[in-house]
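Coordinates from upload-v4.cif are shown below (mmCIF, C-alpha atoms).
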```cif
data_start
loop_
_atom_site.label_atom_id
_atom_site.label_comp_id
_atom_site.auth_asym_id
_atom_site.auth_seq_id
_atom_site.Cartn_x
_atom_site.Cartn_y
_atom_site.Cartn_z
CA MET A 1 0.00 0.00 0.00
CA ILE A 2 2.85 2.35 0.82
CA GLY A 3 4.40 1.50 -2.53
CA GLU A 4 1.21 2.42 -4.35
CA ARG A 5 0.93 5.64 -2.37
CA TYR A 6 4.34 6.84 -3.47
CA ALA A 7 4.22 5.46 -7.01
CA ALA A 8 3.42 8.99 -8.27
CA ALA A 9 6.71 10.19 -6.80
CA LEU A 10 8.65 8.03 -9.27
CA PRO A 11 9.02 8.46 -13.04
CA ALA A 12 6.40 6.52 -15.01
CA ASN A 13 8.91 5.62 -17.71
CA ALA A 14 12.27 6.61 -19.14
CA TRP A 15 11.11 9.36 -21.50
CA ASN A 16 8.17 11.31 -20.01
CA TRP A 17 10.59 13.83 -18.49
CA VAL A 18 11.39 15.11 -21.99
CA ALA A 19 8.01 16.85 -22.11
CA VAL A 20 8.86 18.85 -18.97
CA TRP A 21 12.34 19.64 -20.30
CA ARG A 22 10.84 20.86 -23.60
CA ARG A 23 8.27 23.02 -21.81
CA ASN A 24 11.01 24.75 -19.82
CA TYR A 25 13.16 25.16 -22.91
CA LEU A 26 10.37 26.84 -24.88
CA ALA A 27 9.72 29.23 -21.99
CA TRP A 28 13.46 29.95 -21.64
CA LYS A 29 13.85 30.76 -25.33
CA LYS A 30 11.91 34.00 -24.81
CA VAL A 31 14.55 35.31 -22.39
CA ALA A 32 17.55 33.28 -23.56
CA LEU A 33 19.97 36.18 -24.03
CA ALA A 34 19.26 37.75 -20.65
CA SER A 35 19.47 34.33 -18.99
CA LEU A 36 22.83 33.51 -20.55
CA ILE A 37 24.30 36.88 -19.59
CA GLY A 38 23.03 36.48 -16.05
CA ASN A 39 24.53 33.01 -15.68
CA LEU A 40 27.90 34.09 -17.07
CA ALA A 41 28.24 37.47 -15.38
CA ASP A 42 29.15 36.40 -11.85
CA PRO A 43 31.78 33.72 -12.68
CA MET A 44 33.27 35.93 -15.39
CA ILE A 45 33.63 38.83 -12.95
CA SER A 46 35.34 36.49 -10.48
CA LEU A 47 37.56 35.06 -13.21
CA PHE A 48 38.80 38.42 -14.45
CA GLY A 49 38.74 40.23 -11.10
CA LEU A 50 40.60 37.56 -9.15
CA GLY A 51 42.55 36.14 -12.08
CA PHE A 52 44.11 39.36 -13.30
CA GLY A 53 44.01 41.24 -10.00
CA LEU A 54 44.99 38.70 -7.36
CA GLY A 55 46.89 36.66 -9.93
CA ILE A 56 49.57 39.34 -10.18
CA MET A 57 50.40 38.90 -6.49
CA VAL A 58 49.92 35.14 -6.31
CA GLY A 59 51.99 34.16 -9.33
CA ARG A 60 51.98 30.49 -10.35
CA ILE A 61 50.05 27.76 -8.56
CA GLU A 62 50.62 24.03 -9.04
CA GLY A 63 52.80 24.70 -12.08
CA THR A 64 50.39 27.00 -13.93
CA SER A 65 49.28 30.61 -13.85
CA TYR A 66 46.74 31.54 -11.23
CA ILE A 67 44.14 32.58 -13.80
CA ALA A 68 44.44 29.20 -15.55
CA PHE A 69 44.06 27.48 -12.17
CA LEU A 70 41.06 29.68 -11.39
CA THR A 71 39.44 29.04 -14.77
CA ALA A 72 38.71 25.41 -13.93
CA GLY A 73 37.23 26.43 -10.60
CA MET A 74 34.97 29.00 -12.21
CA VAL A 75 33.81 26.52 -14.86
CA ALA A 76 32.74 24.06 -12.17
CA ALA A 77 31.30 26.85 -10.00
CA SER A 78 29.25 28.23 -12.88
CA ALA A 79 27.67 24.81 -13.39
CA MET A 80 26.95 24.59 -9.67
CA THR A 81 25.37 28.04 -9.32
CA SER A 82 23.42 27.87 -12.58
CA SER A 83 21.71 24.56 -11.77
CA THR A 84 21.20 25.50 -8.12
CA PHE A 85 19.58 28.87 -8.83
CA GLU A 86 17.40 27.36 -11.57
CA THR A 87 16.10 24.84 -9.05
CA ILE A 88 15.67 26.92 -5.91
CA TYR A 89 14.16 29.91 -7.70
CA ALA A 90 12.66 29.09 -11.10
CA THR A 91 11.61 25.56 -10.22
CA PHE A 92 10.23 26.72 -6.88
CA GLY A 93 8.03 29.19 -8.76
CA ARG A 94 6.82 26.58 -11.24
CA MET A 95 6.02 24.22 -8.39
CA GLN A 96 3.35 26.62 -7.11
CA ARG A 97 1.15 26.65 -10.23
CA THR A 98 2.65 25.01 -13.32
CA TRP A 99 3.17 21.60 -11.74
CA GLU A 100 -0.46 21.46 -10.72
CA GLY A 101 -1.54 21.67 -14.34
CA ILE A 102 1.04 19.11 -15.49
CA LEU A 103 -0.14 16.61 -12.88
CA TYR A 104 -3.53 16.49 -14.62
CA THR A 105 -1.78 14.84 -17.57
CA GLN A 106 -0.30 11.34 -17.75
CA LEU A 107 2.96 12.57 -16.20
CA THR A 108 3.77 11.63 -12.62
CA LEU A 109 5.47 13.84 -10.05
CA GLY A 110 8.62 11.80 -10.61
CA ASP A 111 8.51 12.66 -14.32
CA ILE A 112 8.26 16.36 -13.45
CA VAL A 113 11.15 16.25 -11.00
CA LEU A 114 13.36 14.35 -13.43
CA GLY A 115 12.51 16.83 -16.22
CA GLU A 116 13.33 19.76 -13.96
CA LEU A 117 16.68 18.21 -13.03
CA ALA A 118 17.51 17.58 -16.68
CA TRP A 119 16.67 21.18 -17.57
CA ALA A 120 18.81 22.53 -14.69
CA ALA A 121 21.68 20.32 -15.88
CA THR A 122 21.25 21.73 -19.40
CA LYS A 123 21.59 25.26 -18.08
CA ALA A 124 24.64 24.22 -16.06
CA PHE A 125 26.18 22.74 -19.19
CA MET A 126 25.58 25.95 -21.15
CA ALA A 127 26.99 28.15 -18.36
CA GLY A 128 30.12 26.07 -17.92
CA THR A 129 30.69 25.78 -21.65
CA GLY A 130 30.34 29.55 -22.00
CA ILE A 131 33.13 30.13 -19.48
CA MET A 132 35.30 27.58 -21.26
CA ILE A 133 34.80 29.29 -24.61
CA VAL A 134 35.85 32.67 -23.22
CA ALA A 135 38.85 31.13 -21.45
CA THR A 136 39.80 29.31 -24.66
CA VAL A 137 39.90 32.58 -26.57
CA LEU A 138 42.22 33.97 -23.88
CA GLY A 139 44.46 30.90 -24.11
CA TYR A 140 43.81 29.35 -20.69
CA VAL A 141 42.21 26.08 -21.83
CA ALA A 142 44.03 23.07 -23.26
CA TRP A 143 42.38 21.38 -26.22
CA PRO A 144 41.24 18.74 -27.05
CA SER A 145 41.53 17.40 -23.47
CA ALA A 146 39.04 20.06 -22.31
CA LEU A 147 36.30 18.16 -24.14
CA TYR A 148 36.39 15.59 -21.32
CA ALA A 149 35.06 18.31 -19.02
CA LEU A 150 31.80 18.65 -20.96
CA PRO A 151 30.02 15.53 -19.63
CA VAL A 152 31.27 16.41 -16.16
CA LEU A 153 29.49 19.76 -16.43
CA ALA A 154 26.20 17.99 -17.11
CA LEU A 155 26.75 15.56 -14.22
CA THR A 156 27.67 18.45 -11.93
CA GLY A 157 24.47 20.21 -12.92
CA LEU A 158 22.42 17.09 -12.15
CA ALA A 159 24.06 16.64 -8.75
CA PHE A 160 23.52 20.21 -7.59
CA ALA A 161 20.02 20.40 -9.04
CA SER A 162 19.13 17.21 -7.18
CA LEU A 163 20.47 18.63 -3.92
CA ALA A 164 18.67 21.92 -4.49
CA MET A 165 15.42 20.07 -5.19
CA VAL A 166 15.47 18.82 -1.60
CA VAL A 167 15.70 22.44 -0.45
CA THR A 168 12.86 23.37 -2.79
CA ALA A 169 10.73 20.58 -1.36
CA LEU A 170 11.31 21.76 2.20
CA ALA A 171 11.33 25.56 1.85
CA PRO A 172 8.02 27.22 2.80
CA SER A 173 8.88 30.34 0.74
CA TYR A 174 11.62 32.07 -1.26
CA ASP A 175 12.99 33.62 1.92
CA TYR A 176 14.23 30.27 3.14
CA VAL A 177 16.20 29.26 0.04
CA VAL A 178 18.54 32.20 0.67
CA PHE A 179 19.95 30.30 3.65
CA TYR A 180 20.99 27.44 1.37
CA GLN A 181 22.65 29.86 -1.04
CA THR A 182 24.49 31.72 1.73
CA LEU A 183 25.36 28.92 4.13
CA VAL A 184 26.04 26.05 1.69
CA ILE A 185 26.76 27.18 -1.87
CA THR A 186 28.99 30.19 -1.12
CA PRO A 187 31.24 28.45 1.46
CA MET A 188 31.62 25.52 -0.92
CA LEU A 189 33.50 27.78 -3.33
CA PHE A 190 36.25 28.29 -0.76
CA LEU A 191 36.39 24.77 0.67
CA THR A 192 36.78 22.77 -2.53
CA GLY A 193 39.71 24.33 -4.38
CA ALA A 194 37.78 26.53 -6.77
CA VAL A 195 39.60 29.72 -5.77
CA PHE A 196 42.79 28.47 -4.12
CA PRO A 197 44.43 25.07 -3.55
CA VAL A 198 42.84 22.88 -0.90
CA SER A 199 46.33 21.86 0.27
CA ARG A 200 46.84 25.32 1.77
CA MET A 201 43.84 25.05 4.10
CA PRO A 202 43.85 23.62 7.65
CA GLY A 203 43.49 19.84 7.80
CA ALA A 204 39.95 19.87 9.18
CA PHE A 205 38.75 22.09 6.34
CA GLN A 206 40.48 19.84 3.81
CA GLN A 207 38.61 16.81 5.10
CA VAL A 208 35.27 18.60 4.92
CA GLY A 209 36.00 19.95 1.45
CA ASN A 210 36.92 16.53 0.07
CA PHE A 211 33.39 15.24 0.74
CA LEU A 212 31.61 18.12 -1.00
CA PRO A 213 30.27 17.59 -4.55
CA LEU A 214 32.03 20.62 -6.01
CA ALA A 215 35.39 19.16 -4.99
CA HIS A 216 34.73 16.03 -7.06
CA SER A 217 33.65 18.14 -10.01
CA ILE A 218 36.79 20.29 -9.85
CA GLU A 219 39.02 17.22 -9.56
CA LEU A 220 37.64 16.05 -12.91
CA ILE A 221 37.38 19.40 -14.70
CA ARG A 222 40.71 21.00 -13.73
CA PRO A 223 42.96 18.25 -15.18
CA ALA A 224 40.92 18.26 -18.40
CA ILE A 225 41.16 22.04 -18.82
CA LEU A 226 44.88 22.14 -17.96
CA GLY A 227 45.69 19.11 -20.13
CA ARG A 228 46.81 16.92 -17.23
CA PRO A 229 45.95 13.33 -16.27
CA ALA A 230 43.17 12.98 -13.73
CA ALA A 231 43.37 10.74 -10.67
CA SER A 232 40.63 8.61 -9.10
CA ILE A 233 38.19 9.28 -11.95
CA GLY A 234 35.83 6.49 -10.92
CA LEU A 235 35.69 7.76 -7.33
CA HIS A 236 34.78 11.30 -8.37
CA ILE A 237 32.18 10.21 -10.92
CA GLY A 238 30.68 7.77 -8.42
CA ALA A 239 30.44 10.49 -5.76
CA LEU A 240 28.65 12.85 -8.15
CA CYS A 241 26.25 10.05 -9.11
CA ILE A 242 25.44 9.45 -5.45
CA TYR A 243 24.82 13.17 -4.96
CA THR A 244 22.44 12.95 -7.91
CA VAL A 245 20.49 9.76 -7.21
CA VAL A 246 19.96 9.85 -3.43
CA PRO A 247 18.63 13.44 -3.25
CA PHE A 248 16.43 12.74 -6.30
CA PHE A 249 14.50 10.01 -4.49
CA LEU A 250 14.45 12.00 -1.26
CA SER A 251 13.09 15.12 -2.94
CA SER A 252 10.49 13.07 -4.83
CA VAL A 253 9.14 11.67 -1.57
CA LEU A 254 9.19 15.08 0.13
CA LEU A 255 7.40 16.70 -2.80
CA ARG A 256 4.84 13.88 -2.81
CA ARG A 257 4.03 14.63 0.82
CA ARG A 258 3.90 18.37 0.17
CA LEU A 259 1.89 18.50 -3.04
CA MET A 260 -0.19 15.32 -2.89
CA PRO A 261 -1.04 14.74 0.80
#
```
Show how you would write the structure in this file as structure tokens.
Amino acid sequence: MIGERYAAALPANAWNWVAVWRRNYLAWKKVALASLIGNLADPMISLFGLGFGLGIMVGRIEGTSYIAFLTAGMVAASAMTSSTFETIYATFGRMQRTWEGILYTQLTLGDIVLGELAWAATKAFMAGTGIMIVATVLGYVAWPSALYALPVLALTGLAFASLAMVVTALAPSYDYVVFYQTLVITPMLFLTGAVFPVSRMPGAFQQVGNFLPLAHSIELIRPAILGRPAASIGLHIGALCIYTVVPFFLSSVLLRRRLMP
């Protein structure tokens, strides 16, 4: 009986989510330019501000220029922030009205959640790729090894969208999602090696940072962008998959309880 009760929280099949993804894409097309600029602005400001400003004082890090080191961090961070903000703001808004209409169709709540995650991952992919293109023009990205970073961007987007969906399921209003942005997303930038090497932090902070999803993303993206071999690839991919799958099922159950009591 419990299984039947929560059947609506799971995807009905392997392709229904495409309808939700397409709906979000068609709505996004109307504001595509503004959306792209908004997603690229913050990481680009950090890249140029810190890279050219702080980079003059820092010099070389781990055998490369600071701005090249920072580029990989900003690529991963842009995927993280883009998918997170899409989920905790845009998806939260659609949950109030749009989802209600969709649930009158053959789609289940699980189909909707999966489609929302896929769309957030798409936006993460576009944001990260945009940063890579700009950095390539400036000569800070190694090709063709950087192509290996592309699927990681999509997986990073899925992981952070899945985590953010749990927040969306629990937050009573927009005011509460700010806490997640301030207390989780922002500190993660400084604990995972996006801005400076993790090895220069105190041991306790290093241990915390190594468990965070952004750290696994950076460990895959940075070697690809700098043209270096990556270590423990299976471990990092597996960790990102866990951060994707477990929160997905958790958020589906929480949303089932919230929207379909």
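Of the listed residues A:Thr108, A:Thr122, A:Ala159, A:Ala204, the one whose atoms come nearest to A:Ala12 is A:Thr108, with distances taken using only C-alpha atoms.
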I'd like the contact shell of A:Phe85 - 9 Å cut-off, all atoms listed in the file, skipping same-chain residues fewer than 5 positions apart - returned as a ChimeraX atom specification. /A:80,90-91,120,161,164,181
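Residues matched by the PyMOL selection byres ((chain A and resi 18) around 10) in this file are Ala14, Trp15, Asn16, Trp17, Ala19, Val20, Trp21, Arg22, Arg23, Asn24, Asp111, Ile112, Leu114, Gly115, Glu116, Ala118 and Trp119 of chain A.
Take the PyMOL selection byres ((chain A and resi 165) around 8) and apply it to this file: it picks A:Thr87, A:Ile88, A:Ala161, A:Ser162, A:Leu163, A:Ala164, A:Val166, A:Val167, A:Thr168, A:Ala169, A:Pro247, A:Phe248, A:Ser251.
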Would you write out those residues with C-alpha atoms, as a short mmCIF file (atom, residue, chain, number, x, y, z; two decimals), keeping the file's coordinate frame?
```
data_model
loop_
_atom_site.label_atom_id
_atom_site.label_comp_id
_atom_site.auth_asym_id
_atom_site.auth_seq_id
_atom_site.Cartn_x
_atom_site.Cartn_y
_atom_site.Cartn_z
CA THR A 87 16.10 24.84 -9.05
CA ILE A 88 15.67 26.92 -5.91
CA ALA A 161 20.02 20.40 -9.04
CA SER A 162 19.13 17.21 -7.18
CA LEU A 163 20.47 18.63 -3.92
CA ALA A 164 18.67 21.92 -4.49
CA VAL A 166 15.47 18.82 -1.60
CA VAL A 167 15.70 22.44 -0.45
CA THR A 168 12.86 23.37 -2.79
CA ALA A 169 10.73 20.58 -1.36
CA PRO A 247 18.63 13.44 -3.25
CA PHE A 248 16.43 12.74 -6.30
CA SER A 251 13.09 15.12 -2.94
#
```
Please enumerate the residues selected by the PyMOL selection byres ((chain A and resi 259) around 10) when evaluated against the supplied file, formatted as a PyMOL selection string. chain A and resi 95-96+99-100+109+169+254-258+260-261
At a cut-off of 10 Å, using only C-alpha atoms, what residues contact A:Ile131? Leave out same-chain residues fewer than 2 positions from it and give the result as a list in words. Asn39, Leu40, Ala41, Pro43, Met44, Leu47, Thr71, Ala72, Met74, Val75, Ala76, Ser78, Ala79, Met126, Ala127, Gly128, Thr129, Ile133, Val134, Ala135 and Thr136 of chain A
For A:Ser46, list every protein, DNA or RNA residue within 10 Å, evaluated using only C-alpha atoms, and leave out those in the same chain fewer than 4 positions away; present the list as an mmCIF file with C-alpha atoms, keeping the file's coordinate frame.
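To be explicit, this is the file written out as out26.cif:
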```cif
data_model
loop_
_atom_site.group_PDB
_atom_site.id
_atom_site.type_symbol
_atom_site.label_atom_id
_atom_site.label_comp_id
_atom_site.auth_asym_id
_atom_site.auth_seq_id
_atom_site.Cartn_x
_atom_site.Cartn_y
_atom_site.Cartn_z
ATOM 1 C CA ALA A 41 28.240 37.470 -15.380
ATOM 2 C CA ASP A 42 29.150 36.400 -11.850
ATOM 3 C CA LEU A 50 40.600 37.560 -9.150
ATOM 4 C CA GLY A 51 42.550 36.140 -12.080
ATOM 5 C CA PHE A 52 44.110 39.360 -13.300
ATOM 6 C CA GLY A 53 44.010 41.240 -10.000
ATOM 7 C CA LEU A 70 41.060 29.680 -11.390
ATOM 8 C CA THR A 71 39.440 29.040 -14.770
ATOM 9 C CA MET A 74 34.970 29.000 -12.210
ATOM 10 C CA VAL A 195 39.600 29.720 -5.770
#
```
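When atom CA of A:Ala68 is paired with atom CA of A:Tyr140, their separation reads 5.2 Å.
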Which polymer residues, whether protein, DNA or RNA, lie within 12 Å of the coordinate (40.4, 18.7, -25.9) when you count only C-alpha atoms? List them as a PyMOL selection string, using the chain letters and numbers from the file. chain A and resi 132+136+141-150+221+223-228
Give me the residues near A:Leu212 as a VMD selection string, where near means some atom within 10 Å (using all atoms listed in the file) and where sequence neighbours in that chain fewer than 4 positions away do not count. chain A and resid 188 191 to 192 207 to 208 216 to 217 239 to 240 243
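When atom CA of A:Phe92 is paired with atom CA of A:Tyr176, their separation reads 11.4 Å.
In terms of minimum interatomic distance to A:Gln106, A:Asn13 ranks closest within A:Thr182, A:Leu155, A:Asn13, A:Thr81, counting all atoms listed in the file.
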